[in-house]
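Here is entry_25.cif, consisting of mmCIF, C-alpha atoms:
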```cif
data_input
#
loop_
_atom_site.group_PDB
_atom_site.id
_atom_site.type_symbol
_atom_site.label_atom_id
_atom_site.label_comp_id
_atom_site.auth_asym_id
_atom_site.auth_seq_id
_atom_site.Cartn_x
_atom_site.Cartn_y
_atom_site.Cartn_z
ATOM 1 C CA MET A 866 -21.861 -58.795 -7.578
ATOM 2 C CA ALA A 867 -20.898 -55.504 -9.230
ATOM 3 C CA SER A 868 -19.217 -55.603 -12.602
ATOM 4 C CA PRO A 869 -15.622 -54.329 -12.850
ATOM 5 C CA ASP A 870 -16.751 -51.538 -15.196
ATOM 6 C CA LYS A 871 -19.214 -50.211 -12.633
ATOM 7 C CA VAL A 872 -16.663 -50.456 -9.811
ATOM 8 C CA ALA A 873 -14.157 -48.538 -11.937
ATOM 9 C CA ALA A 874 -16.780 -45.901 -12.822
ATOM 10 C CA VAL A 875 -17.704 -45.427 -9.145
ATOM 11 C CA GLU A 876 -14.033 -45.084 -8.222
ATOM 12 C CA GLU A 877 -13.444 -42.491 -10.950
ATOM 13 C CA ILE A 878 -16.491 -40.434 -9.932
ATOM 14 C CA LYS A 879 -15.444 -40.701 -6.273
ATOM 15 C CA GLU A 880 -11.997 -39.308 -7.167
ATOM 16 C CA ASN A 881 -13.678 -36.453 -9.067
ATOM 17 C CA PHE A 882 -15.696 -35.558 -5.970
ATOM 18 C CA GLN A 883 -12.610 -35.729 -3.753
ATOM 19 C CA ASN A 884 -10.388 -33.685 -6.083
ATOM 20 C CA SER A 885 -12.884 -30.902 -6.797
ATOM 21 C CA ASN A 886 -13.731 -27.972 -4.568
ATOM 22 C CA ALA A 887 -17.257 -27.747 -5.992
ATOM 23 C CA ALA A 888 -19.726 -29.910 -7.883
ATOM 24 C CA VAL A 889 -22.876 -28.752 -9.675
ATOM 25 C CA VAL A 890 -25.620 -31.250 -10.527
ATOM 26 C CA THR A 891 -27.663 -30.526 -13.651
ATOM 27 C CA ALA A 892 -30.413 -32.062 -15.738
ATOM 28 C CA TYR A 893 -29.604 -32.099 -19.435
ATOM 29 C CA THR A 894 -32.650 -33.712 -21.092
ATOM 30 C CA GLY A 895 -33.142 -32.372 -24.605
ATOM 31 C CA LEU A 896 -29.588 -31.163 -25.193
ATOM 32 C CA SER A 897 -27.865 -32.431 -28.291
ATOM 33 C CA VAL A 898 -24.358 -33.844 -28.338
ATOM 34 C CA ALA A 899 -23.163 -30.633 -29.995
ATOM 35 C CA GLN A 900 -24.743 -28.535 -27.249
ATOM 36 C CA LEU A 901 -23.084 -30.682 -24.569
ATOM 37 C CA LYS A 902 -19.781 -30.201 -26.372
ATOM 38 C CA ASP A 903 -20.338 -26.421 -26.343
ATOM 39 C CA LEU A 904 -21.144 -26.578 -22.626
ATOM 40 C CA ARG A 905 -17.940 -28.478 -21.886
ATOM 41 C CA ARG A 906 -15.980 -25.940 -23.926
ATOM 42 C CA SER A 907 -17.602 -23.011 -22.093
ATOM 43 C CA LEU A 908 -16.623 -24.507 -18.726
ATOM 44 C CA GLY A 909 -12.986 -24.394 -19.760
ATOM 45 C CA GLU A 910 -10.051 -26.012 -18.051
ATOM 46 C CA ASN A 911 -11.180 -25.590 -14.461
ATOM 47 C CA ALA A 912 -14.284 -27.809 -14.659
ATOM 48 C CA GLN A 913 -15.156 -31.240 -16.005
ATOM 49 C CA TYR A 914 -18.753 -31.961 -17.086
ATOM 50 C CA ARG A 915 -19.650 -35.617 -16.787
ATOM 51 C CA VAL A 916 -22.856 -37.478 -17.610
ATOM 52 C CA ALA A 917 -23.252 -40.454 -15.273
ATOM 53 C CA LYS A 918 -25.783 -42.949 -14.019
ATOM 54 C CA ASN A 919 -27.626 -41.750 -10.929
ATOM 55 C CA THR A 920 -27.039 -44.908 -8.888
ATOM 56 C CA LEU A 921 -23.302 -44.974 -9.569
ATOM 57 C CA THR A 922 -22.929 -41.250 -8.955
ATOM 58 C CA LYS A 923 -24.886 -41.469 -5.711
ATOM 59 C CA ILE A 924 -22.701 -44.344 -4.470
ATOM 60 C CA ALA A 925 -19.522 -42.476 -5.445
ATOM 61 C CA ALA A 926 -20.677 -39.262 -3.777
ATOM 62 C CA ASN A 927 -21.544 -41.091 -0.560
ATOM 63 C CA GLU A 928 -18.165 -42.874 -0.567
ATOM 64 C CA ALA A 929 -16.483 -39.480 -1.018
ATOM 65 C CA GLY A 930 -18.440 -38.120 1.957
ATOM 66 C CA VAL A 931 -20.773 -35.929 -0.101
ATOM 67 C CA THR A 932 -24.249 -36.940 1.043
ATOM 68 C CA GLU A 933 -25.924 -33.559 0.468
ATOM 69 C CA LEU A 934 -26.566 -34.266 -3.219
ATOM 70 C CA ASP A 935 -28.620 -37.478 -2.918
ATOM 71 C CA GLU A 936 -31.923 -35.717 -3.655
ATOM 72 C CA PHE A 937 -30.618 -34.387 -6.995
ATOM 73 C CA PHE A 938 -29.780 -37.780 -8.520
ATOM 74 C CA VAL A 939 -33.146 -38.237 -10.236
ATOM 75 C CA GLY A 940 -33.774 -38.209 -13.993
ATOM 76 C CA SER A 941 -31.081 -37.354 -16.496
ATOM 77 C CA THR A 942 -28.169 -36.144 -14.435
ATOM 78 C CA ALA A 943 -24.752 -34.729 -15.200
ATOM 79 C CA VAL A 944 -22.240 -33.276 -12.777
ATOM 80 C CA ALA A 945 -19.803 -30.420 -13.330
ATOM 81 C CA PHE A 946 -16.750 -31.101 -11.175
ATOM 82 C CA VAL A 947 -15.037 -27.767 -10.522
ATOM 83 C CA THR A 948 -11.339 -27.741 -9.707
ATOM 84 C CA GLY A 949 -10.732 -24.045 -10.435
ATOM 85 C CA ASP A 950 -12.769 -20.948 -9.629
ATOM 86 C CA PRO A 951 -16.329 -21.999 -8.701
ATOM 87 C CA VAL A 952 -17.665 -18.552 -9.634
ATOM 88 C CA GLU A 953 -16.486 -18.893 -13.238
ATOM 89 C CA ALA A 954 -18.013 -22.370 -13.537
ATOM 90 C CA ALA A 955 -21.308 -21.172 -12.043
ATOM 91 C CA LYS A 956 -21.357 -18.240 -14.504
ATOM 92 C CA SER A 957 -20.677 -20.562 -17.432
ATOM 93 C CA LEU A 958 -23.479 -22.914 -16.400
ATOM 94 C CA ARG A 959 -25.928 -20.071 -15.758
ATOM 95 C CA ASP A 960 -25.151 -18.364 -19.069
ATOM 96 C CA PHE A 961 -25.436 -21.637 -20.976
ATOM 97 C CA ALA A 962 -28.765 -22.380 -19.243
ATOM 98 C CA LYS A 963 -30.087 -18.955 -20.320
ATOM 99 C CA ASP A 964 -29.356 -19.777 -23.966
ATOM 100 C CA ASN A 965 -30.414 -23.443 -23.625
ATOM 101 C CA PRO A 966 -33.387 -23.820 -21.254
ATOM 102 C CA GLN A 967 -33.091 -27.617 -21.452
ATOM 103 C CA LEU A 968 -30.130 -27.378 -19.052
ATOM 104 C CA VAL A 969 -31.508 -27.162 -15.528
ATOM 105 C CA ILE A 970 -29.258 -26.539 -12.540
ATOM 106 C CA LYS A 971 -30.512 -28.768 -9.727
ATOM 107 C CA GLY A 972 -28.049 -27.907 -6.991
ATOM 108 C CA GLY A 973 -24.544 -28.597 -5.871
ATOM 109 C CA VAL A 974 -21.940 -28.565 -3.189
ATOM 110 C CA LEU A 975 -19.177 -26.013 -2.544
ATOM 111 C CA GLU A 976 -16.371 -27.043 -0.199
ATOM 112 C CA GLY A 977 -18.685 -29.382 1.714
ATOM 113 C CA LYS A 978 -21.688 -27.022 1.898
ATOM 114 C CA ALA A 979 -24.842 -27.952 -0.002
ATOM 115 C CA LEU A 980 -26.197 -25.345 -2.424
ATOM 116 C CA ASN A 981 -29.583 -25.179 -4.096
ATOM 117 C CA ALA A 982 -30.088 -23.812 -7.622
ATOM 118 C CA GLU A 983 -30.805 -20.290 -6.362
ATOM 119 C CA GLU A 984 -27.576 -20.206 -4.341
ATOM 120 C CA ILE A 985 -25.585 -21.344 -7.372
ATOM 121 C CA ASN A 986 -27.129 -18.502 -9.403
ATOM 122 C CA ARG A 987 -26.142 -16.045 -6.637
ATOM 123 C CA LEU A 988 -22.637 -17.505 -6.738
ATOM 124 C CA ALA A 989 -22.613 -16.808 -10.476
ATOM 125 C CA ASP A 990 -23.474 -13.154 -9.781
ATOM 126 C CA LEU A 991 -20.236 -12.687 -7.832
ATOM 127 C CA GLU A 992 -17.214 -11.214 -9.526
ATOM 128 C CA SER A 993 -14.382 -13.559 -10.398
ATOM 129 C CA ARG A 994 -11.559 -14.261 -7.979
ATOM 130 C CA GLU A 995 -9.109 -12.167 -10.016
ATOM 131 C CA VAL A 996 -11.413 -9.126 -9.981
ATOM 132 C CA LEU A 997 -11.980 -9.420 -6.232
ATOM 133 C CA LEU A 998 -8.227 -9.744 -5.606
ATOM 134 C CA ALA A 999 -7.567 -6.703 -7.804
ATOM 135 C CA LYS A 1000 -10.113 -4.666 -5.841
ATOM 136 C CA LEU A 1001 -8.541 -5.787 -2.577
ATOM 137 C CA ALA A 1002 -5.062 -4.842 -3.820
ATOM 138 C CA GLY A 1003 -6.344 -1.445 -4.976
ATOM 139 C CA GLY A 1004 -7.953 -0.814 -1.605
ATOM 140 C CA MET A 1005 -4.770 -1.771 0.212
ATOM 141 C CA LYS A 1006 -2.666 0.455 -2.060
ATOM 142 C CA ALA A 1007 -4.997 3.388 -1.409
ATOM 143 C CA SER A 1008 -4.768 2.813 2.354
ATOM 144 C CA MET A 1009 -0.983 2.740 2.228
ATOM 145 C CA ALA A 1010 -0.844 5.899 0.117
ATOM 146 C CA LYS A 1011 -3.125 7.633 2.612
ATOM 147 C CA ALA A 1012 -0.921 6.481 5.503
ATOM 148 C CA ALA A 1013 2.213 7.727 3.724
ATOM 149 C CA ALA A 1014 0.586 11.114 3.158
ATOM 150 C CA THR A 1015 -0.401 11.262 6.829
ATOM 151 C CA PHE A 1016 3.148 10.496 7.977
ATOM 152 C CA GLN A 1017 4.600 13.014 5.547
ATOM 153 C CA ALA A 1018 2.185 15.845 6.498
ATOM 154 C CA PRO A 1019 4.025 17.156 9.637
ATOM 155 C CA LEU A 1020 7.364 17.331 7.801
ATOM 156 C CA SER A 1021 5.742 19.039 4.844
ATOM 157 C CA LYS A 1022 4.019 21.532 7.159
ATOM 158 C CA PHE A 1023 7.333 22.317 8.887
ATOM 159 C CA VAL A 1024 9.065 22.946 5.550
ATOM 160 C CA ARG A 1025 6.275 25.267 4.393
ATOM 161 C CA THR A 1026 6.383 27.179 7.717
ATOM 162 C CA ALA A 1027 10.180 27.570 7.580
ATOM 163 C CA ASP A 1028 9.968 28.719 3.959
ATOM 164 C CA ALA A 1029 7.281 31.270 4.872
ATOM 165 C CA LEU A 1030 9.444 32.630 7.728
ATOM 166 C CA ARG A 1031 12.467 32.930 5.418
ATOM 167 C CA ALA A 1032 10.371 34.736 2.800
ATOM 168 C CA LYS A 1033 9.018 37.133 5.459
ATOM 169 C CA GLN A 1034 12.516 37.931 6.685
ATOM 170 C CA GLU A 1035 13.716 38.620 3.154
ATOM 171 C CA GLU A 1036 10.695 40.841 2.594
ATOM 172 C CA GLN A 1037 11.513 42.893 5.662
ATOM 173 C CA GLY A 1038 14.984 43.427 4.320
ATOM 174 C CA GLY A 1039 16.817 41.330 6.749
ATOM 175 C CA ALA A 1040 15.570 43.355 9.760
ATOM 176 C CA GLY A 1041 15.607 41.357 12.871
ATOM 177 C CA THR A 1042 18.636 39.353 11.884
ATOM 178 C CA PRO A 1043 21.746 40.089 13.853
ATOM 179 C CA ALA A 1044 24.521 41.743 11.949
ATOM 180 C CA PRO A 1045 27.700 39.758 11.589
ATOM 181 C CA ALA A 1046 30.317 40.721 14.162
ATOM 182 C CA GLU A 1047 33.416 42.355 12.762
ATOM 183 C CA ALA A 1048 36.755 40.999 13.704
ATOM 184 C CA GLU A 1049 39.025 43.376 15.624
#
```

Can you present the structure in this file as structure tokens?
Amino acid sequence: MASPDKVAAVEEIKENFQNSNAAVVTAYTGLSVAQLKDLRRSLGENAQYRVAKNTLTKIAANEAGVTELDEFFVGSTAVAFVTGDPVEAAKSLRDFAKDNPQLVIKGGVLEGKALNAEEINRLADLESREVLLAKLAGGMKASMAKAAATFQAPLSKFVRTADALRAKQEEQGGAGTPAPAEAE
């Protein structure tokens, strides 16, 4: 019979898996409490880093429908549950692992798709969501400006042609324009 504490822990971890759009499994052997605190701080508001027992985490993940991570629940394991931008969390983990080689990224899951450590590092190489959206907006603005210029070109060409004809007539001294008829 499972103790109430373990049942509650499994339920909490299960909710974390269900409420996050990504989860990254890491090994943290050799990190001090202060280093773990720094890691949690570097992840910010959009990720929660949780150290948990492998058996309980495996049960919770399976109950949440995340079976792709079973192979990673060996040794000292902690999971970063990402509720915000997965790219930012992956960058934070990668950068922290560069400074602290004791942190090892084992793998993870992103919106139901299993990721190995290499794929998480590639995810970290992407630009953030805000930067990508800004680039998209800039590209769309440039396309619209180009379209506006294209639509305006025939009118602009007509105005320049009419202006050139008027200037040519003035240069010729009004020749070719009919004289006003005098009233009798």

Could you work out an axis-aligned bounding box for all listed atoms of segment 890-901 of chain A, with 3 Å added on each of the six sides, and give its centre and edge lengths in Å to one decimal, as JSON?
```
{"center_x": -28.1, "center_y": -31.2, "center_z": -20.3, "size_x": 16.1, "size_y": 11.3, "size_z": 25.5}
```

Which is closer to Glu984 of chain A than all the others in A:Ala926, A:Leu934, A:Ala955, A:Ala1014, using only C-alpha atoms?
->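 Closest residue, counting only C-alpha atoms: A:Ala955.
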
For Ala982 of chain A, which of A:Phe1023, A:Phe937, A:Phe882, A:Tyr893 is the closest residue, counting all atoms listed in the file?
->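 Ranked by minimum distance to Ala982 of chain A, first place goes to A:Phe937.
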
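Going from atom CA of Asn965 of chain A over to atom CA of Glu953 of chain A, you cover 18.0 Å.
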
Excluding Val944 of chain A and residues on its chain fewer than 3 positions from it, collect all residues at most 9 Å away from it, counting only C-alpha atoms, and give them as a ChimeraX atom specification.
-> /A:888-892,913-917,922,973

With all atoms listed in the file as the atoms that count, which of A:Phe1016, A:Ala945, A:Lys871, A:Ile970 lies nearest to Glu910 of chain A?
-> A:Ala945

Block slice segment 923-1013 of chain A, C-alpha atoms, emitted as a compact mmCIF listing (two decimals), in the first residue's frame:
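Final output, saved to result-v1.txt:
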```txt
# COMPACT_ATOMS: atom_id res chain seq x y z
CA LYS A 923 8.20 7.56 -13.73
CA ILE A 924 4.76 6.61 -12.36
CA ALA A 925 3.56 10.23 -12.61
CA ALA A 926 4.86 10.60 -16.16
CA ASN A 927 3.17 7.39 -17.27
CA GLU A 928 -0.12 8.46 -15.64
CA ALA A 929 0.16 11.78 -17.50
CA GLY A 930 0.69 9.90 -20.77
CA VAL A 931 4.38 10.74 -21.10
CA THR A 932 6.06 7.38 -21.60
CA GLU A 933 8.97 8.63 -23.73
CA LEU A 934 11.06 9.60 -20.70
CA ASP A 935 11.21 6.22 -18.90
CA GLU A 936 14.81 5.55 -19.98
CA PHE A 937 16.03 8.81 -18.39
CA PHE A 938 14.83 8.05 -14.85
CA VAL A 939 18.10 6.48 -13.70
CA GLY A 940 20.50 7.94 -11.12
CA SER A 941 20.04 11.38 -9.64
CA THR A 942 17.24 12.94 -11.62
CA ALA A 943 15.57 16.33 -11.68
CA VAL A 944 12.99 17.61 -14.13
CA ALA A 945 12.53 21.13 -15.45
CA PHE A 946 8.83 21.60 -16.16
CA VAL A 947 8.50 24.37 -18.76
CA THR A 948 5.27 26.33 -18.94
CA GLY A 949 6.63 29.29 -20.93
CA ASP A 950 9.00 29.46 -23.88
CA PRO A 951 10.84 26.12 -24.21
CA VAL A 952 13.70 27.80 -26.10
CA GLU A 953 14.49 30.10 -23.17
CA ALA A 954 14.44 27.20 -20.71
CA ALA A 955 16.68 25.10 -22.97
CA LYS A 956 19.12 28.03 -23.28
CA SER A 957 19.17 28.50 -19.51
CA LEU A 958 19.87 24.81 -18.91
CA ARG A 959 22.54 24.65 -21.62
CA ASP A 960 24.30 27.78 -20.38
CA PHE A 961 24.20 26.57 -16.78
CA ALA A 962 25.57 23.17 -17.86
CA LYS A 963 28.48 24.91 -19.63
CA ASP A 964 29.45 26.67 -16.39
CA ASN A 965 28.64 23.63 -14.20
CA PRO A 966 29.56 20.36 -15.95
CA GLN A 967 27.94 18.37 -13.13
CA LEU A 968 24.55 19.22 -14.67
CA VAL A 969 23.90 16.75 -17.47
CA ILE A 970 20.90 17.09 -19.77
CA LYS A 971 19.55 13.58 -20.36
CA GLY A 972 16.62 14.32 -22.62
CA GLY A 973 13.09 15.57 -22.54
CA VAL A 974 9.75 15.93 -24.17
CA LEU A 975 8.31 18.90 -26.10
CA GLU A 976 4.56 18.91 -26.73
CA GLY A 977 4.44 15.11 -26.72
CA LYS A 978 7.58 14.53 -28.82
CA ALA A 979 10.59 12.90 -27.18
CA LEU A 980 13.89 14.79 -27.43
CA ASN A 981 17.40 13.57 -26.74
CA ALA A 982 20.11 15.79 -25.25
CA GLU A 983 21.41 16.83 -28.68
CA GLU A 984 17.94 17.94 -29.81
CA ILE A 985 17.51 20.00 -26.64
CA ASN A 986 20.85 21.72 -27.36
CA ARG A 987 19.65 22.46 -30.92
CA LEU A 988 16.45 23.86 -29.44
CA ALA A 989 18.60 26.12 -27.27
CA ASP A 990 20.35 27.43 -30.40
CA LEU A 991 17.06 28.80 -31.75
CA GLU A 992 16.19 32.43 -31.23
CA SER A 993 13.54 33.24 -28.67
CA ARG A 994 9.87 33.43 -29.58
CA GLU A 995 9.86 37.23 -29.32
CA VAL A 996 12.80 37.58 -31.72
CA LEU A 997 11.22 35.21 -34.23
CA LEU A 998 7.90 37.09 -34.03
CA ALA A 999 9.71 40.40 -34.52
CA LYS A 1000 11.46 39.05 -37.61
CA LEU A 1001 8.16 37.78 -38.97
CA ALA A 1002 6.50 41.16 -38.36
CA GLY A 1003 9.41 42.95 -40.05
CA GLY A 1004 9.17 40.66 -43.06
CA MET A 1005 5.44 41.21 -43.32
CA LYS A 1006 5.86 44.99 -43.02
CA ALA A 1007 8.47 44.95 -45.79
CA SER A 1008 6.15 42.91 -48.03
CA MET A 1009 3.29 45.33 -47.47
CA ALA A 1010 5.50 48.34 -48.15
CA LYS A 1011 6.66 46.72 -51.39
CA ALA A 1012 3.05 46.01 -52.39
CA ALA A 1013 2.05 49.61 -51.64
```
